[in-house]
$ cat protein-v4.txt   # compact mmCIF, C-alpha atoms
# COMPACT_ATOMS: atom_id res chain seq x y z
CA GLN A 1 -40.37 -13.10 46.45
CA VAL A 2 -38.52 -10.73 44.15
CA GLN A 3 -40.58 -8.62 41.78
CA LEU A 4 -39.52 -6.06 39.20
CA VAL A 5 -42.35 -4.06 37.68
CA GLU A 6 -41.57 -1.85 34.70
CA SER A 7 -43.71 0.99 33.40
CA GLY A 8 -43.48 4.00 31.13
CA GLY A 9 -43.21 2.42 27.72
CA GLY A 10 -45.33 3.47 24.78
CA LEU A 11 -45.46 4.93 21.30
CA VAL A 12 -43.55 8.13 20.58
CA GLN A 13 -42.43 10.00 17.48
CA ALA A 14 -38.78 10.23 16.56
CA GLY A 15 -37.11 12.99 18.56
CA GLY A 16 -39.46 12.51 21.48
CA SER A 17 -38.84 11.36 25.02
CA LEU A 18 -39.98 8.64 27.39
CA ARG A 19 -39.16 7.79 30.96
CA LEU A 20 -39.11 4.17 32.04
CA SER A 21 -39.44 3.09 35.65
CA CYS A 22 -38.70 -0.20 37.36
CA ALA A 23 -39.97 -0.72 40.88
CA ALA A 24 -38.34 -3.51 42.85
CA SER A 25 -39.60 -5.45 45.83
CA GLY A 26 -38.31 -8.41 47.80
CA ILE A 27 -34.70 -7.26 47.77
CA ILE A 28 -32.47 -4.77 49.53
CA PHE A 29 -32.46 -2.35 46.64
CA SER A 30 -29.68 -0.12 47.95
CA ILE A 31 -27.11 -2.90 47.62
CA SER A 32 -28.27 -4.00 44.17
CA SER A 33 -26.69 -3.09 40.86
CA THR A 34 -29.37 -2.16 38.34
CA ALA A 35 -29.45 -1.98 34.57
CA TRP A 36 -31.64 -1.72 31.51
CA TYR A 37 -31.47 -4.02 28.50
CA ARG A 38 -33.52 -4.08 25.33
CA GLN A 39 -34.50 -6.57 22.67
CA ALA A 40 -35.67 -5.60 19.22
CA PRO A 41 -37.62 -8.03 17.02
CA GLY A 42 -35.32 -10.67 15.56
CA LYS A 43 -32.33 -9.47 17.56
CA GLN A 44 -30.55 -10.54 20.71
CA ARG A 45 -31.09 -8.75 23.99
CA GLU A 46 -28.52 -5.99 24.37
CA PHE A 47 -27.18 -3.86 27.18
CA VAL A 48 -28.43 -0.27 27.38
CA ALA A 49 -27.30 1.25 30.67
CA ARG A 50 -26.21 0.35 34.18
CA ILE A 51 -26.00 2.20 37.49
CA THR A 52 -24.12 0.61 40.36
CA THR A 53 -24.67 0.88 44.08
CA ARG A 54 -22.09 3.69 44.08
CA THR A 55 -24.06 5.38 41.28
CA THR A 56 -21.41 4.76 38.66
CA GLU A 57 -23.13 4.89 35.27
CA ASN A 58 -22.30 3.00 32.09
CA TYR A 59 -23.99 3.28 28.72
CA ALA A 60 -24.02 1.52 25.41
CA ASP A 61 -22.41 3.66 22.73
CA SER A 62 -25.69 3.75 20.82
CA VAL A 63 -27.47 5.64 23.62
CA LYS A 64 -24.72 7.80 25.12
CA GLY A 65 -25.74 11.42 25.35
CA ARG A 66 -29.42 10.58 24.82
CA PHE A 67 -30.34 8.24 27.69
CA THR A 68 -29.81 8.74 31.41
CA ILE A 69 -30.11 6.06 34.07
CA SER A 70 -30.83 6.99 37.67
CA ARG A 71 -32.03 5.37 40.85
CA ASP A 72 -33.99 6.30 43.95
CA ASN A 73 -33.13 3.93 46.76
CA ALA A 74 -35.88 5.34 48.96
CA LYS A 75 -38.43 4.27 46.35
CA ASN A 76 -36.65 1.05 45.31
CA THR A 77 -36.86 2.30 41.75
CA VAL A 78 -34.52 2.65 38.80
CA TYR A 79 -35.33 4.97 35.91
CA LEU A 80 -34.29 5.36 32.31
CA GLN A 81 -34.83 8.79 30.80
CA MET A 82 -34.77 8.47 27.03
CA ASN A 83 -34.45 11.61 24.92
CA SER A 84 -34.00 12.20 21.20
CA LEU A 85 -35.50 8.81 20.50
CA LYS A 86 -34.84 7.16 17.15
CA PRO A 87 -36.77 4.44 15.31
CA GLU A 88 -33.86 2.09 15.99
CA ASP A 89 -34.57 2.44 19.72
CA THR A 90 -37.77 0.47 19.19
CA ALA A 91 -37.61 -2.61 21.41
CA VAL A 92 -38.89 -4.27 24.54
CA TYR A 93 -36.96 -2.76 27.45
CA TYR A 94 -36.11 -4.94 30.43
CA CYS A 95 -35.09 -3.99 33.92
CA ASN A 96 -32.20 -6.03 35.33
CA VAL A 97 -31.15 -6.25 38.96
CA LEU A 98 -28.13 -8.02 40.40
CA TYR A 99 -28.84 -8.71 44.06
CA ARG A 100 -26.09 -10.54 45.93
CA THR A 101 -25.25 -13.29 43.41
CA THR A 102 -28.59 -13.56 41.61
CA THR A 103 -29.81 -11.69 38.54
CA TYR A 104 -33.47 -10.81 38.20
CA TRP A 105 -35.41 -9.57 35.18
CA GLY A 106 -38.59 -7.60 34.80
CA GLN A 107 -41.35 -8.56 32.40
CA GLY A 108 -40.41 -5.89 29.88
CA THR A 109 -42.09 -2.77 28.55
CA GLN A 110 -42.55 -1.98 24.86
CA VAL A 111 -41.07 1.19 23.42
CA THR A 112 -42.01 2.04 19.84
CA VAL A 113 -40.53 5.03 18.05
CA SER A 114 -42.20 6.06 14.82
CA SER A 115 -40.39 7.91 12.06
$ encode --input "protein-v4.txt" --output "structure tokens"
Amino acid sequence: QVQLVESGGGLVQAGGSLRLSCAASGIIFSISSTAWYRQAPGKQREFVARITTRTTENYADSVKGRFTISRDNAKNTVYLQMNSLKPEDTAVYYCNVLYRTTTYWGQGTQVTVSS
């Protein structure tokens, strides 16, 4: 059974930082492509960042230079370091894993940035 468990969300003031974690189980993490998405109230879920099995990173333009995605295959965990947070970053953040041909989602973690 595949499980993705996110943590690290919370309330932070604008300009602050948070680090999200997503721990995976039930898959061979080292051959999985991992990503973070987010969904703000009333909006569609949107791509934030991705890191491939070869550690190639991609970012949405809105977070480039502020967010950093990384992974630790030994811990089966993907991270999202978020710096210089803005109120518009407020959303539920979801971990996304592509393992073989199947996509899995975490339950989401709330990030709220106050102005």
$ residues_near_point --input "protein-v4.txt" --point "(-34.4, 4.5, 22.5)" --cutoff "9 Å" --atoms "all atoms listed in the file" --output "number ranges by chain"
A: 17-18, 62-63, 66-67, 82-91, 111-113
$ closest_residue --input "protein-v4.txt" --among "A:Ala40, A:Val48, A:Val12, A:Ile28" --to "Asn96 of chain A" --atoms "only C-alpha atoms"
A:Val48
$ closest_residue --input "protein-v4.txt" --among "A:Ile27, A:Gly15, A:Gly9, A:Thr68" --to "Thr103 of chain A" --atoms "only C-alpha atoms"
A:Ile27
$ closest_residue --input "protein-v4.txt" --among "A:Ala60, A:Val2, A:Leu80, A:Cys22" --to "Cys95 of chain A" --atoms "only C-alpha atoms"
A:Cys22
$ atom_distance --input "protein-v4.txt" --atom1 "atom CA of Lys75 of chain A" --atom2 "atom CA of Asn58 of chain A"
21.6 Å
$ atom_distance --input "protein-v4.txt" --atom1 "atom CA of Gln39 of chain A" --atom2 "atom CA of Glu6 of chain A"
14.7 Å
$ closest_residue --input "protein-v4.txt" --among "A:Ser115, A:Leu98, A:Val92, A:Asp61" --to "Gln44 of chain A" --atoms "all atoms listed in the file"
A:Val92
$ residues_around --input "protein-v4.txt" --residues "Tyr37 of chain A" --least-positions-apart "3" --cutoff "6 Å" --atoms "only C-alpha atoms" --output "ChimeraX atom specification"
/A:46-48,93-94
$ atom_distance --input "protein-v4.txt" --atom1 "atom CA of Thr101 of chain A" --atom2 "atom CA of Asp72 of chain A"
21.5 Å
$ closest_residue --input "protein-v4.txt" --among "A:Ala49, A:Ala14, A:Leu20, A:Ile31" --to "Gly108 of chain A" --atoms "only C-alpha atoms"
A:Leu20
$ residues_near_point --input "protein-v4.txt" --point "(-23.7, 3.4, 36.0)" --cutoff "12 Å" --atoms "all atoms listed in the file" --output "list in words"
Ser32, Ser33, Thr34, Ala35, Trp36, Phe47, Val48, Ala49, Arg50, Ile51, Thr52, Thr53, Arg54, Thr55, Thr56, Glu57, Asn58, Tyr59, Ala60, Lys64, Phe67, Thr68, Ile69, Ser70, Arg71, Val78, Tyr79 and Leu80 of chain A
$ axis_aligned_box --input "protein-v4.txt" --around "segment 62-71 of chain A" --padding-each-side "5 Å" --output "lines of an AutoDock Vina configuration file"
center_x = -28.4
center_y = 7.6
center_z = 30.8
size_x = 17.3
size_y = 17.7
size_z = 30.0
